[in-house]
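Okay, my_file.tsv now, which holds TSV, C-alpha atoms and all ligand atoms:
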chain	number	residue	atom	x	y	z
A	504	MET	CA	2.53	124.64	92.80
A	505	ASN	CA	-1.16	123.94	93.32
A	506	ILE	CA	-3.17	125.42	96.17
A	507	PHE	CA	-3.46	123.01	99.10
A	508	SER	CA	-4.72	123.00	102.68
A	509	TYR	CA	-2.64	122.09	105.72
A	510	GLN	CA	-3.42	120.32	108.98
A	511	GLN	CA	-1.18	119.28	111.83
A	512	ALA	CA	-1.74	115.91	113.51
A	513	SER	CA	-0.89	115.23	117.14
A	514	ASP	CA	-1.03	111.43	116.96
A	515	ALA	CA	-1.22	108.64	114.39
A	516	VAL	CA	-4.96	108.04	114.71
A	517	SER	CA	-5.83	111.71	114.14
A	518	ALA	CA	-3.36	111.84	111.22
A	519	ILE	CA	-5.13	108.93	109.54
A	520	THR	CA	-8.55	110.47	110.18
A	521	MET	CA	-7.44	113.78	108.67
A	522	LYS	CA	-5.91	112.11	105.63
A	523	LYS	CA	-8.96	109.92	104.97
A	524	ALA	CA	-11.19	113.01	105.14
A	525	GLY	CA	-9.10	115.01	102.71
A	526	PRO	CA	-9.35	114.37	99.01
A	527	ALA	CA	-5.91	113.56	97.57
A	528	ALA	CA	-4.19	114.21	100.91
A	529	LYS	CA	-0.53	113.40	101.67
A	530	TYR	CA	1.40	113.00	104.88
A	531	LEU	CA	4.08	115.66	105.32
A	532	GLY	CA	7.34	114.93	107.14
A	533	GLY	CA	10.26	117.32	106.78
A	534	GLY	CA	9.10	118.07	103.24
A	535	THR	CA	12.59	117.87	101.78
A	536	ASN	CA	11.38	115.70	98.89
A	537	LEU	CA	7.61	116.16	98.77
A	538	VAL	CA	7.75	119.96	98.58
A	539	ASP	CA	10.25	119.75	95.70
A	540	LEU	CA	7.86	117.42	93.90
A	541	MET	CA	4.99	119.80	94.55
A	542	ARG	CA	6.96	122.71	93.13
A	543	GLU	CA	7.51	120.68	89.97
A	544	THR	CA	3.78	119.70	90.01
A	545	VAL	CA	4.78	116.02	89.96
A	546	GLU	CA	2.87	115.73	93.24
A	547	GLN	CA	-0.35	117.72	93.49
A	548	PRO	CA	-1.92	117.00	96.90
A	549	GLU	CA	-4.97	118.99	97.88
A	550	MET	CA	-4.16	118.64	101.56
A	551	LEU	CA	-1.02	118.06	103.61
A	552	VAL	CA	-1.26	116.33	106.98
A	553	ASP	CA	1.81	117.31	108.98
A	554	VAL	CA	3.05	114.31	110.97
A	555	THR	CA	6.23	115.88	112.33
A	556	HIS	CA	4.65	116.24	115.79
A	557	LEU	CA	4.17	112.50	116.15
A	558	PRO	CA	6.68	110.61	118.32
A	559	GLY	CA	10.30	110.98	117.30
A	560	ASN	CA	11.97	109.40	120.31
A	561	ILE	CA	15.06	107.21	119.90
A	562	GLU	CA	15.19	104.56	122.59
A	563	GLN	CA	17.70	101.77	123.17
A	564	ARG	CA	16.22	98.83	125.05
A	565	ALA	CA	17.97	96.54	127.50
A	566	ASP	CA	18.53	93.88	124.83
A	567	GLY	CA	20.37	96.36	122.61
A	568	SER	CA	17.57	96.88	120.10
A	569	LEU	CA	16.58	100.36	119.01
A	570	LEU	CA	13.10	101.83	118.64
A	571	ILE	CA	13.01	104.98	116.54
A	572	GLY	CA	9.93	107.18	116.23
A	573	ALA	CA	9.25	107.93	112.58
A	574	ALA	CA	9.31	111.68	113.23
A	575	ALA	CA	12.91	111.53	114.51
A	576	LYS	CA	15.14	113.84	112.54
A	577	ASN	CA	17.91	112.29	110.46
A	578	THR	CA	20.49	114.38	112.32
A	579	ALA	CA	19.27	113.16	115.71
A	580	LEU	CA	19.45	109.53	114.65
A	581	ALA	CA	22.94	109.84	113.19
A	582	ALA	CA	24.21	111.59	116.32
A	583	HIS	CA	22.56	109.31	118.88
A	584	PRO	CA	25.25	107.72	121.10
A	585	ALA	CA	23.76	104.22	120.82
A	586	VAL	CA	23.67	104.47	117.03
A	587	ARG	CA	27.23	105.73	116.84
A	588	SER	CA	28.58	102.99	119.08
A	589	ASP	CA	26.40	99.97	118.28
A	590	PHE	CA	25.31	100.61	114.68
A	591	PRO	CA	27.99	102.82	113.09
A	592	LEU	CA	26.93	101.81	109.58
A	593	LEU	CA	23.59	103.53	110.22
A	594	SER	CA	25.17	106.72	111.51
A	595	ARG	CA	27.59	106.82	108.56
A	596	SER	CA	24.87	106.16	106.01
A	597	ILE	CA	22.79	109.08	107.25
A	598	LEU	CA	25.79	111.42	107.32
A	599	ALA	CA	26.59	110.40	103.73
A	600	GLY	CA	23.20	111.66	102.59
A	601	ALA	CA	22.03	115.13	101.56
A	602	SER	CA	23.39	118.12	103.50
A	603	ALA	CA	23.46	119.03	107.19
A	604	GLN	CA	20.61	121.50	106.64
A	605	ILE	CA	18.43	118.86	105.00
A	606	ARG	CA	19.26	116.22	107.61
A	607	ASN	CA	18.20	118.70	110.32
A	608	VAL	CA	14.62	118.79	109.03
A	609	ALA	CA	14.20	115.45	107.24
A	610	THR	CA	12.42	112.77	109.25
A	611	VAL	CA	13.25	109.09	109.37
A	612	GLY	CA	9.80	108.15	108.06
A	613	GLY	CA	10.13	110.63	105.21
A	614	ASN	CA	13.61	109.37	104.35
A	615	ILE	CA	12.19	105.87	103.90
A	616	LEU	CA	9.40	107.13	101.64
A	617	GLN	CA	11.40	109.58	99.52
A	618	ARG	CA	11.02	109.06	95.81
A	619	THR	CA	13.55	108.41	93.09
A	620	ARG	CA	15.72	111.23	91.81
A	621	CYS	CA	15.50	110.02	88.19
A	622	ARG	CA	15.58	113.32	86.30
A	623	TYR	CA	12.82	112.27	83.91
A	624	PHE	CA	10.49	111.66	86.85
A	625	TYR	CA	10.84	115.36	87.76
A	626	ASP	CA	10.47	116.59	84.18
A	627	ASN	CA	6.86	116.87	83.10
A	628	ALA	CA	7.97	117.11	79.46
A	629	ALA	CA	9.63	113.66	79.61
A	630	ARG	CA	8.05	110.23	79.30
A	631	CYS	CA	7.95	108.47	82.66
A	632	ASN	CA	5.90	105.41	83.58
A	633	LYS	CA	6.27	106.18	87.26
A	634	ARG	CA	4.77	109.66	86.93
A	635	GLN	CA	2.28	108.74	84.22
A	636	PRO	CA	1.59	105.00	83.82
A	637	GLN	CA	1.97	103.65	80.27
A	638	ALA	CA	3.70	106.86	79.09
A	639	GLY	CA	7.06	105.19	78.42
A	640	CYS	CA	10.48	105.61	80.00
A	641	ASP	CA	12.96	108.14	78.65
A	642	ALA	CA	15.71	106.86	80.93
A	643	LEU	CA	16.01	103.59	78.99
A	644	GLU	CA	17.77	105.35	76.11
A	645	GLY	CA	18.66	108.57	77.90
A	646	PHE	CA	20.70	109.71	80.87
A	647	ASN	CA	20.91	106.56	82.96
A	648	ARG	CA	24.29	106.78	84.66
A	649	TYR	CA	22.63	106.63	88.10
A	650	HIS	CA	20.08	104.00	87.20
A	651	ALA	CA	19.50	100.39	88.21
A	652	ILE	CA	21.61	97.36	87.40
A	653	LEU	CA	19.59	94.87	89.47
A	654	GLY	CA	15.88	94.08	89.59
A	655	ALA	CA	14.85	96.62	86.95
A	656	SER	CA	12.21	96.18	84.24
A	657	ASP	CA	11.39	97.53	80.81
A	658	SER	CA	8.95	99.87	82.56
A	659	CYS	CA	11.37	101.52	84.97
A	660	VAL	CA	15.08	101.49	85.73
A	661	ALA	CA	15.06	104.01	88.58
A	662	THR	CA	16.94	103.56	91.84
A	663	HIS	CA	15.86	104.22	95.40
A	664	PRO	CA	17.80	107.27	96.61
A	665	SER	CA	18.07	106.68	100.36
A	666	ASP	CA	21.40	105.94	102.04
A	667	MET	CA	19.83	105.33	105.45
A	668	CYS	CA	17.56	102.59	104.09
A	669	VAL	CA	20.56	100.61	102.82
A	670	ALA	CA	21.95	100.39	106.34
A	671	LEU	CA	18.52	99.66	107.83
A	672	VAL	CA	17.94	96.79	105.40
A	673	ALA	CA	21.33	95.33	106.31
A	674	LEU	CA	20.26	95.52	109.96
A	675	ASP	CA	16.97	93.65	109.41
A	676	ALA	CA	15.01	96.72	110.48
A	677	VAL	CA	11.25	96.40	110.94
A	678	VAL	CA	8.77	99.19	110.20
A	679	HIS	CA	5.79	99.69	112.48
A	680	LEU	CA	2.67	100.90	110.72
A	681	GLN	CA	-0.65	102.38	111.68
A	682	GLY	CA	-3.55	102.22	109.28
A	683	PRO	CA	-7.32	102.65	109.31
A	684	ALA	CA	-7.65	98.99	110.37
A	685	GLY	CA	-5.06	99.20	113.17
A	686	GLY	CA	-1.37	98.60	113.74
A	687	SER	CA	0.95	96.17	111.96
A	688	SER	CA	4.62	95.73	111.14
A	689	MET	CA	6.77	94.37	108.32
A	690	PRO	CA	10.47	93.98	107.53
A	691	LEU	CA	11.79	97.09	105.83
A	692	ALA	CA	13.26	94.80	103.17
A	693	GLU	CA	9.67	93.98	102.14
A	694	LEU	CA	8.34	97.55	102.16
A	695	HIS	CA	9.82	98.79	98.88
A	696	ARG	CA	8.84	97.07	95.63
A	697	LEU	CA	10.70	96.30	92.45
A	698	PRO	CA	9.17	98.17	89.50
A	699	GLY	CA	7.80	95.31	87.39
A	700	ASP	CA	5.11	96.72	85.13
A	701	ARG	CA	3.70	99.00	87.88
A	702	PRO	CA	6.55	101.36	88.78
A	703	GLU	CA	4.10	103.94	90.09
A	704	ILE	CA	3.44	101.60	93.05
A	705	GLU	CA	6.61	101.92	95.11
A	706	THR	CA	5.77	100.33	98.45
A	707	GLU	CA	3.52	97.76	100.05
A	708	LEU	CA	1.83	100.43	102.18
A	709	GLN	CA	-1.96	100.29	102.15
A	710	PRO	CA	-4.03	103.44	101.52
A	711	ASP	CA	-3.65	105.97	104.37
A	712	GLU	CA	-1.16	103.72	106.21
A	713	LEU	CA	1.48	105.63	108.13
A	714	ILE	CA	4.96	104.59	109.28
A	715	THR	CA	5.04	105.24	113.03
A	716	ALA	CA	8.36	103.71	114.09
A	717	ILE	CA	11.37	101.70	112.98
A	718	GLU	CA	12.81	98.92	115.10
A	719	ILE	CA	16.34	97.60	114.80
A	720	PRO	CA	16.91	94.23	116.46
A	721	PRO	CA	20.07	93.69	118.49
A	722	LEU	CA	23.15	92.71	116.49
A	723	GLY	CA	26.35	92.58	118.52
A	724	PHE	CA	28.77	92.43	115.64
A	725	ALA	CA	27.26	95.55	114.06
A	726	ARG	CA	29.75	97.46	116.21
A	727	ARG	CA	32.17	96.47	113.43
A	728	SER	CA	30.27	97.87	110.52
A	729	THR	CA	30.52	100.64	108.01
A	730	TYR	CA	28.88	102.38	105.07
A	731	ARG	CA	30.75	103.47	101.97
A	732	LYS	CA	29.20	105.64	99.30
A	733	VAL	CA	30.75	106.13	95.86
A	734	ARG	CA	29.48	109.22	94.08
A	735	ASP	CA	30.43	111.81	91.51
A	736	ARG	CA	31.39	114.44	94.10
A	737	ALA	CA	32.32	114.34	97.75
A	738	SER	CA	29.07	115.68	99.18
A	739	TYR	CA	25.47	116.37	98.33
A	740	ALA	CA	25.27	113.73	95.61
A	741	PHE	CA	23.33	110.52	95.31
A	742	ALA	CA	25.10	107.18	95.29
A	743	LEU	CA	26.41	105.59	92.15
A	744	ILE	CA	27.06	102.61	94.39
A	745	SER	CA	26.92	102.27	98.15
A	746	VAL	CA	27.65	99.37	100.46
A	747	ALA	CA	26.48	98.83	104.04
A	748	ALA	CA	28.23	95.96	105.78
A	749	ALA	CA	28.88	94.32	109.14
A	750	LEU	CA	31.33	91.45	109.44
A	751	ASP	CA	31.98	88.91	112.18
A	752	ILE	CA	35.07	86.70	111.86
A	753	ASP	CA	35.78	83.72	114.13
A	754	GLU	CA	39.07	82.77	115.76
A	755	GLY	CA	39.95	80.59	112.78
A	756	GLY	CA	39.66	83.49	110.36
A	757	LYS	CA	36.35	82.39	108.86
A	758	VAL	CA	33.23	84.46	108.39
A	759	ARG	CA	30.90	83.65	111.28
A	760	ASP	CA	28.25	86.12	110.18
A	761	VAL	CA	27.88	89.01	107.77
A	762	ARG	CA	25.35	91.62	106.73
A	763	LEU	CA	25.60	93.26	103.34
A	764	ALA	CA	23.33	95.62	101.43
A	765	LEU	CA	23.77	97.80	98.35
A	766	GLY	CA	22.45	101.21	97.39
A	767	GLY	CA	22.27	102.89	93.99
A	768	VAL	CA	21.66	99.57	92.25
A	769	ALA	CA	17.90	98.95	92.31
A	770	HIS	CA	14.39	100.31	92.78
A	771	ARG	CA	14.72	99.35	96.43
A	772	PRO	CA	17.56	99.08	98.93
A	773	TRP	CA	19.21	95.81	97.94
A	774	ARG	CA	20.01	93.20	100.57
A	775	ALA	CA	22.88	91.13	99.15
A	776	MET	CA	21.62	87.71	100.22
A	777	LYS	CA	23.62	85.78	97.62
A	778	ALA	CA	26.86	87.39	98.73
A	779	GLU	CA	26.04	86.78	102.39
A	780	ALA	CA	25.36	83.09	101.68
A	781	ALA	CA	28.62	82.81	99.73
A	782	LEU	CA	30.61	84.38	102.56
A	783	LYS	CA	29.34	82.49	105.61
A	784	GLY	CA	31.74	79.82	106.78
A	785	GLN	CA	34.39	80.80	104.23
A	786	VAL	CA	37.85	82.15	104.94
A	787	ALA	CA	37.65	85.93	105.29
A	788	GLY	CA	39.89	87.28	102.57
A	789	THR	CA	39.93	89.24	99.36
A	790	GLU	CA	39.52	86.14	97.20
A	791	GLY	CA	36.35	85.06	98.98
A	792	PHE	CA	35.04	88.61	99.11
A	793	ARG	CA	35.45	88.90	95.35
A	794	ALA	CA	33.68	85.57	94.77
A	795	ALA	CA	30.77	86.76	96.92
A	796	ALA	CA	30.58	90.04	94.99
A	797	GLU	CA	30.58	88.12	91.70
A	798	ALA	CA	27.69	85.98	92.97
A	799	GLU	CA	25.63	89.00	93.96
A	800	LEU	CA	26.17	90.83	90.68
A	801	ALA	CA	25.79	87.79	88.42
A	802	ASP	CA	22.34	88.91	87.27
A	803	ALA	CA	23.25	92.57	86.85
A	804	VAL	CA	22.16	94.18	83.59
A	805	ALA	CA	23.78	97.33	82.23
A	806	LEU	CA	22.05	100.22	80.49
A	807	SER	CA	23.75	102.41	77.89
A	808	GLU	CA	25.61	104.59	80.42
A	809	ASN	CA	25.89	102.61	83.64
A	810	GLY	CA	27.82	99.44	82.77
A	811	PHE	CA	30.72	100.65	84.92
A	812	LYS	CA	28.53	100.28	88.01
A	813	ILE	CA	28.68	96.48	87.87
A	814	GLU	CA	32.43	96.36	88.38
A	815	LEU	CA	32.26	99.35	90.71
A	816	ALA	CA	29.78	97.50	92.92
A	817	LYS	CA	32.03	94.44	93.07
A	818	ARG	CA	35.11	96.47	93.94
A	819	THR	CA	33.27	98.47	96.58
A	820	ILE	CA	31.98	95.29	98.25
A	821	VAL	CA	35.52	93.87	98.35
A	822	ALA	CA	37.02	97.12	99.63
A	823	VAL	CA	34.46	97.45	102.42
A	824	LEU	CA	34.84	93.82	103.54
A	825	ASP	CA	38.64	94.15	103.45
A	826	GLU	CA	38.33	97.21	105.68
A	827	LEU	CA	36.08	95.40	108.13
A	828	LYS	CA	38.38	92.40	108.16
A	829	GLY	CA	41.12	94.72	109.32
A	830	ASP	CA	38.83	95.96	112.08
A	831	ASN	CA	38.27	92.34	113.15
A	832	ALA	CA	42.00	91.63	113.43
B	901	LIG	FE1	10.31	107.25	85.05
B	901	LIG	FE2	11.44	105.09	86.09
B	901	LIG	FE3	11.85	105.66	83.56
B	901	LIG	FE4	12.90	107.25	85.44
B	901	LIG	S1	13.42	105.12	85.07
B	901	LIG	S2	11.84	107.86	83.54
B	901	LIG	S3	11.33	107.10	87.04
B	901	LIG	S4	9.87	105.14	84.49

Spell out the structure here as structure tokens.
Ligand code: SF4
Amino acid sequence: MNIFSYQQASDAVSAITMKKAGPAAKYLGGGTNLVDLMRETVEQPEMLVDVTHLPGNIEQRADGSLLIGAAAKNTALAAHPAVRSDFPLLSRSILAGASAQIRNVATVGGNILQRTRCRYFYDNAARCNKRQPQAGCDALEGFNRYHAILGASDSCVATHPSDMCVALVALDAVVHLQGPAGGSSMPLAELHRLPGDRPEIETELQPDELITAIEIPPLGFARRSTYRKVRDRASYAFALISVAAALDIDEGGKVRDVRLALGGVAHRPWRAMKAEAALKGQVAGTEGFRAAAEAELADAVALSENGFKIELAKRTIVAVLDELKGDNA
């Protein structure tokens, strides 16, 4: 690990000022990913600006929406009564991630900005376009069981590792940002990029921009929602496939509304817009759920070791929607 300096910010403006002043500075949340990357010398900041003392409140407004300070701990968000009752998919997604010890220190902002767990990204002896642009990608012909089946490129086939972000994307969450030029916001679904030929650029954040809060708009039928994660072992493993879903069925048994997002499939949390479009207005049943899953995965491309994920994704979508249909009965 390189030598670095450390400063603690008390608000967003001072955090930005500190970071702009420091050469090669990074914001530090819980450090559960960044410090690992520093130990491996993949990240080599010369200064860390600790933003864990910025607001981390979790507030439910009168309209049912949630405002979450970016410094909120993952554990606090998963355990919040309003999240557990009104957005259970979000609570379940967080509890499916990492370990209790990590969730206790990891922040919501840091969770969103965590980096891929592709093993070649962490291995300085491997070729990785994300770590070293134009170096090549050893995952293309190597260990790629966990890698992308949607939206990948010849430059990078990594997946985004967050469970929480999959649920947030399904919920149309918005991120609030503070930058040198002032405040702004954008849909979380637009924050993370697909790799294209610049996999080292992972988000649409501008230089020194900081996530200050996450807003979840009201969604009544999210009370009937869930998150299912399929992985190689029961805990402390990243998703092979995950599905976040909320389902609203009308009195006639048709899908009135649905939210669906996938994890473990792409460089960003994947909102399943094709499946949602295929489901709306259709009879809620296994046949329709399967047709929607087929539509979403129609463009999936397998690598040497991850072809099973295409069928696994379809089956997980169907299983989750079947479960939620039962909840609607
Ligand atoms: Fe690097 Fe992406 Fe290739 Fe992994 S998949 S080695 S992160 S370029």

Please identify every residue of chain A that has at least one atom no farther than 12 Å from an atom of ligand LIG 901 (chain B), counting only C-alpha atoms and all ligand atoms, and for each give the shortest atom pair and the distance in Å to one decimal, arranged by chain then increasing number, as a Markdown table.
| residue | atom | partner | partner_atom | distance |
| --- | --- | --- | --- | --- |
| A:Val545 | CA | B:LIG901 | S3 | 11.4 |
| A:Arg618 | CA | B:LIG901 | S3 | 9.0 |
| A:Thr619 | CA | B:LIG901 | S3 | 6.6 |
| A:Arg620 | CA | B:LIG901 | S3 | 7.7 |
| A:Cys621 | CA | B:LIG901 | FE4 | 4.7 |
| A:Arg622 | CA | B:LIG901 | FE4 | 6.7 |
| A:Tyr623 | CA | B:LIG901 | S2 | 4.5 |
| A:Phe624 | CA | B:LIG901 | S3 | 4.6 |
| A:Tyr625 | CA | B:LIG901 | S3 | 8.3 |
| A:Asp626 | CA | B:LIG901 | S2 | 8.9 |
| A:Asn627 | CA | B:LIG901 | S2 | 10.3 |
| A:Ala628 | CA | B:LIG901 | S2 | 10.8 |
| A:Ala629 | CA | B:LIG901 | S2 | 7.3 |
| A:Arg630 | CA | B:LIG901 | S2 | 6.2 |
| A:Cys631 | CA | B:LIG901 | FE1 | 3.6 |
| A:Asn632 | CA | B:LIG901 | S4 | 4.1 |
| A:Lys633 | CA | B:LIG901 | S4 | 4.7 |
| A:Arg634 | CA | B:LIG901 | FE1 | 6.3 |
| A:Gln635 | CA | B:LIG901 | FE1 | 8.2 |
| A:Pro636 | CA | B:LIG901 | S4 | 8.3 |
| A:Gln637 | CA | B:LIG901 | S4 | 9.1 |
| A:Ala638 | CA | B:LIG901 | S4 | 8.4 |
| A:Gly639 | CA | B:LIG901 | S4 | 6.7 |
| A:Cys640 | CA | B:LIG901 | FE3 | 3.8 |
| A:Asp641 | CA | B:LIG901 | S2 | 5.0 |
| A:Ala642 | CA | B:LIG901 | S2 | 4.8 |
| A:Leu643 | CA | B:LIG901 | FE3 | 6.5 |
| A:Glu644 | CA | B:LIG901 | FE3 | 9.5 |
| A:Gly645 | CA | B:LIG901 | S2 | 8.9 |
| A:Phe646 | CA | B:LIG901 | FE4 | 9.4 |
| A:Asn647 | CA | B:LIG901 | S1 | 7.9 |
| A:Arg648 | CA | B:LIG901 | S1 | 11.0 |
| A:Tyr649 | CA | B:LIG901 | S1 | 9.8 |
| A:His650 | CA | B:LIG901 | S1 | 7.1 |
| A:Ala651 | CA | B:LIG901 | S1 | 8.3 |
| A:Ile652 | CA | B:LIG901 | S1 | 11.5 |
| A:Ala655 | CA | B:LIG901 | S1 | 8.8 |
| A:Ser656 | CA | B:LIG901 | S1 | 9.1 |
| A:Asp657 | CA | B:LIG901 | S4 | 8.6 |
| A:Ser658 | CA | B:LIG901 | S4 | 5.7 |
| A:Cys659 | CA | B:LIG901 | FE2 | 3.7 |
| A:Val660 | CA | B:LIG901 | S1 | 4.0 |
| A:Ala661 | CA | B:LIG901 | S1 | 4.0 |
| A:Thr662 | CA | B:LIG901 | S1 | 7.8 |
| A:His663 | CA | B:LIG901 | S3 | 9.9 |
| A:Pro664 | CA | B:LIG901 | S3 | 11.6 |
| A:Leu697 | CA | B:LIG901 | FE2 | 10.9 |
| A:Pro698 | CA | B:LIG901 | FE2 | 8.0 |
| A:Gly699 | CA | B:LIG901 | S4 | 10.5 |
| A:Asp700 | CA | B:LIG901 | S4 | 9.7 |
| A:Arg701 | CA | B:LIG901 | S4 | 9.3 |
| A:Pro702 | CA | B:LIG901 | S4 | 6.6 |
| A:Glu703 | CA | B:LIG901 | S4 | 8.1 |
| A:Ile704 | CA | B:LIG901 | FE2 | 11.2 |
| A:Glu705 | CA | B:LIG901 | S3 | 10.7 |
| A:Ala769 | CA | B:LIG901 | S1 | 10.5 |
| A:His770 | CA | B:LIG901 | FE2 | 8.7 |
| A:Leu806 | CA | B:LIG901 | S1 | 10.9 |

### Query
Can you list, as a PyMOL selection string, every protein, DNA or RNA residue that comes within 6 Å of stretch 736-753 of chain A when you count only C-alpha atoms, leaving out same-chain residues fewer than 2 positions away?
chain A and resi 601-602+649+670+724-725+727-734+755-767+816

### Message
Show me, as a PyMOL selection string, the residues that have an atom within 8 Å of stretch 587-590 of chain A when counting all atoms listed in the file, minus same-chain residues fewer than 2 positions from it.
### Response
chain A and resi 581-585+592-594+723+725-726+728

### Task
Tell me, in Å to one decimal, how far atom CA of A:Asp830 is from atom CA of A:Leu722.
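These atoms are spaced 16.6 Å apart.
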
## Note on the structure
Of A:Gly559, A:Gly613, A:Pro720, A:Gly572, the one nearest to A:Val677 when counting all atoms listed in the file is A:Pro720

### Query
How many Å lie between atom CA of A:Gly654 and atom CA of A:Leu694, rounded to one decimal?
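Spanning atom CA of A:Gly654 to atom CA of A:Leu694 is a straight-line distance of 15.1 Å.
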
#### Entry: Test item: residues at most 10 Å from A:Leu531, all atoms listed in the file, excluding those fewer than 2 positions along its chain, as JSON, numbers by chain
{"A": [509, 510, 511, 528, 529, 533, 534, 535, 536, 537, 538, 550, 551, 552, 553, 554, 555, 610, 612, 613]}

### Message
What does the structure give for the distance between atom CA of A:Pro526 and atom CA of A:Leu540, in Å to one decimal?
### Response
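Here the two named atoms are 18.2 Å from each other.
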
Emit stretch 718-724 of chain A of the structure in the block as a file comprising all heavy atoms, as a PDB file, in the first residue's frame.
ATOM      1  N   GLU A 718     -32.750   9.058  -3.407  1.00  0.00           N
ATOM      2  CA  GLU A 718     -34.184   9.254  -3.198  1.00  0.00           C
ATOM      3  C   GLU A 718     -34.945   8.131  -3.886  1.00  0.00           C
ATOM      4  O   GLU A 718     -34.671   7.802  -5.042  1.00  0.00           O
ATOM      5  CB  GLU A 718     -34.603  10.616  -3.771  1.00  0.00           C
ATOM      6  CG  GLU A 718     -36.029  10.973  -3.471  1.00  0.00           C
ATOM      7  CD  GLU A 718     -36.316  12.437  -3.816  1.00  0.00           C
ATOM      8  OE1 GLU A 718     -35.375  13.168  -4.191  1.00  0.00           O
ATOM      9  OE2 GLU A 718     -37.485  12.825  -3.710  1.00  0.00           O
ATOM     10  N   ILE A 719     -35.887   7.561  -3.160  1.00  0.00           N
ATOM     11  CA  ILE A 719     -36.733   6.520  -3.740  1.00  0.00           C
ATOM     12  C   ILE A 719     -38.157   7.064  -3.812  1.00  0.00           C
ATOM     13  O   ILE A 719     -38.751   7.395  -2.776  1.00  0.00           O
ATOM     14  CB  ILE A 719     -36.711   5.230  -2.888  1.00  0.00           C
ATOM     15  CG1 ILE A 719     -35.271   4.719  -2.753  1.00  0.00           C
ATOM     16  CG2 ILE A 719     -37.611   4.172  -3.504  1.00  0.00           C
ATOM     17  CD1 ILE A 719     -35.145   3.507  -1.852  1.00  0.00           C
ATOM     18  N   PRO A 720     -38.710   7.193  -5.013  1.00  0.00           N
ATOM     19  CA  PRO A 720     -40.071   7.719  -5.107  1.00  0.00           C
ATOM     20  C   PRO A 720     -41.082   6.730  -4.531  1.00  0.00           C
ATOM     21  O   PRO A 720     -40.794   5.535  -4.420  1.00  0.00           O
ATOM     22  CB  PRO A 720     -40.280   7.912  -6.617  1.00  0.00           C
ATOM     23  CG  PRO A 720     -39.208   7.150  -7.288  1.00  0.00           C
ATOM     24  CD  PRO A 720     -38.114   6.873  -6.309  1.00  0.00           C
ATOM     25  N   PRO A 721     -42.272   7.209  -4.182  1.00  0.00           N
ATOM     26  CA  PRO A 721     -43.272   6.296  -3.639  1.00  0.00           C
ATOM     27  C   PRO A 721     -43.685   5.254  -4.673  1.00  0.00           C
ATOM     28  O   PRO A 721     -43.742   5.537  -5.868  1.00  0.00           O
ATOM     29  CB  PRO A 721     -44.458   7.222  -3.287  1.00  0.00           C
ATOM     30  CG  PRO A 721     -44.214   8.500  -4.022  1.00  0.00           C
ATOM     31  CD  PRO A 721     -42.755   8.600  -4.270  1.00  0.00           C
ATOM     32  N   LEU A 722     -43.941   4.041  -4.200  1.00  0.00           N
ATOM     33  CA  LEU A 722     -44.395   2.964  -5.095  1.00  0.00           C
ATOM     34  C   LEU A 722     -45.195   1.988  -4.237  1.00  0.00           C
ATOM     35  O   LEU A 722     -44.633   1.086  -3.613  1.00  0.00           O
ATOM     36  CB  LEU A 722     -43.198   2.253  -5.745  1.00  0.00           C
ATOM     37  CG  LEU A 722     -43.568   1.224  -6.821  1.00  0.00           C
ATOM     38  CD1 LEU A 722     -44.082   1.916  -8.084  1.00  0.00           C
ATOM     39  CD2 LEU A 722     -42.375   0.333  -7.170  1.00  0.00           C
ATOM     40  N   GLY A 723     -46.514   2.193  -4.224  1.00  0.00           N
ATOM     41  CA  GLY A 723     -47.370   1.419  -3.322  1.00  0.00           C
ATOM     42  C   GLY A 723     -47.210  -0.074  -3.456  1.00  0.00           C
ATOM     43  O   GLY A 723     -47.142  -0.796  -2.448  1.00  0.00           O
ATOM     44  N   PHE A 724     -47.135  -0.563  -4.685  1.00  0.00           N
ATOM     45  CA  PHE A 724     -47.119  -2.021  -4.829  1.00  0.00           C
ATOM     46  C   PHE A 724     -45.756  -2.637  -4.509  1.00  0.00           C
ATOM     47  O   PHE A 724     -45.605  -3.866  -4.525  1.00  0.00           O
ATOM     48  CB  PHE A 724     -47.630  -2.459  -6.207  1.00  0.00           C
ATOM     49  CG  PHE A 724     -46.712  -2.185  -7.376  1.00  0.00           C
ATOM     50  CD1 PHE A 724     -45.819  -3.147  -7.808  1.00  0.00           C
ATOM     51  CD2 PHE A 724     -46.790  -0.993  -8.067  1.00  0.00           C
ATOM     52  CE1 PHE A 724     -45.000  -2.927  -8.901  1.00  0.00           C
ATOM     53  CE2 PHE A 724     -45.975  -0.748  -9.157  1.00  0.00           C
ATOM     54  CZ  PHE A 724     -45.066  -1.715  -9.576  1.00  0.00           C
TER      55      PHE A 724
END
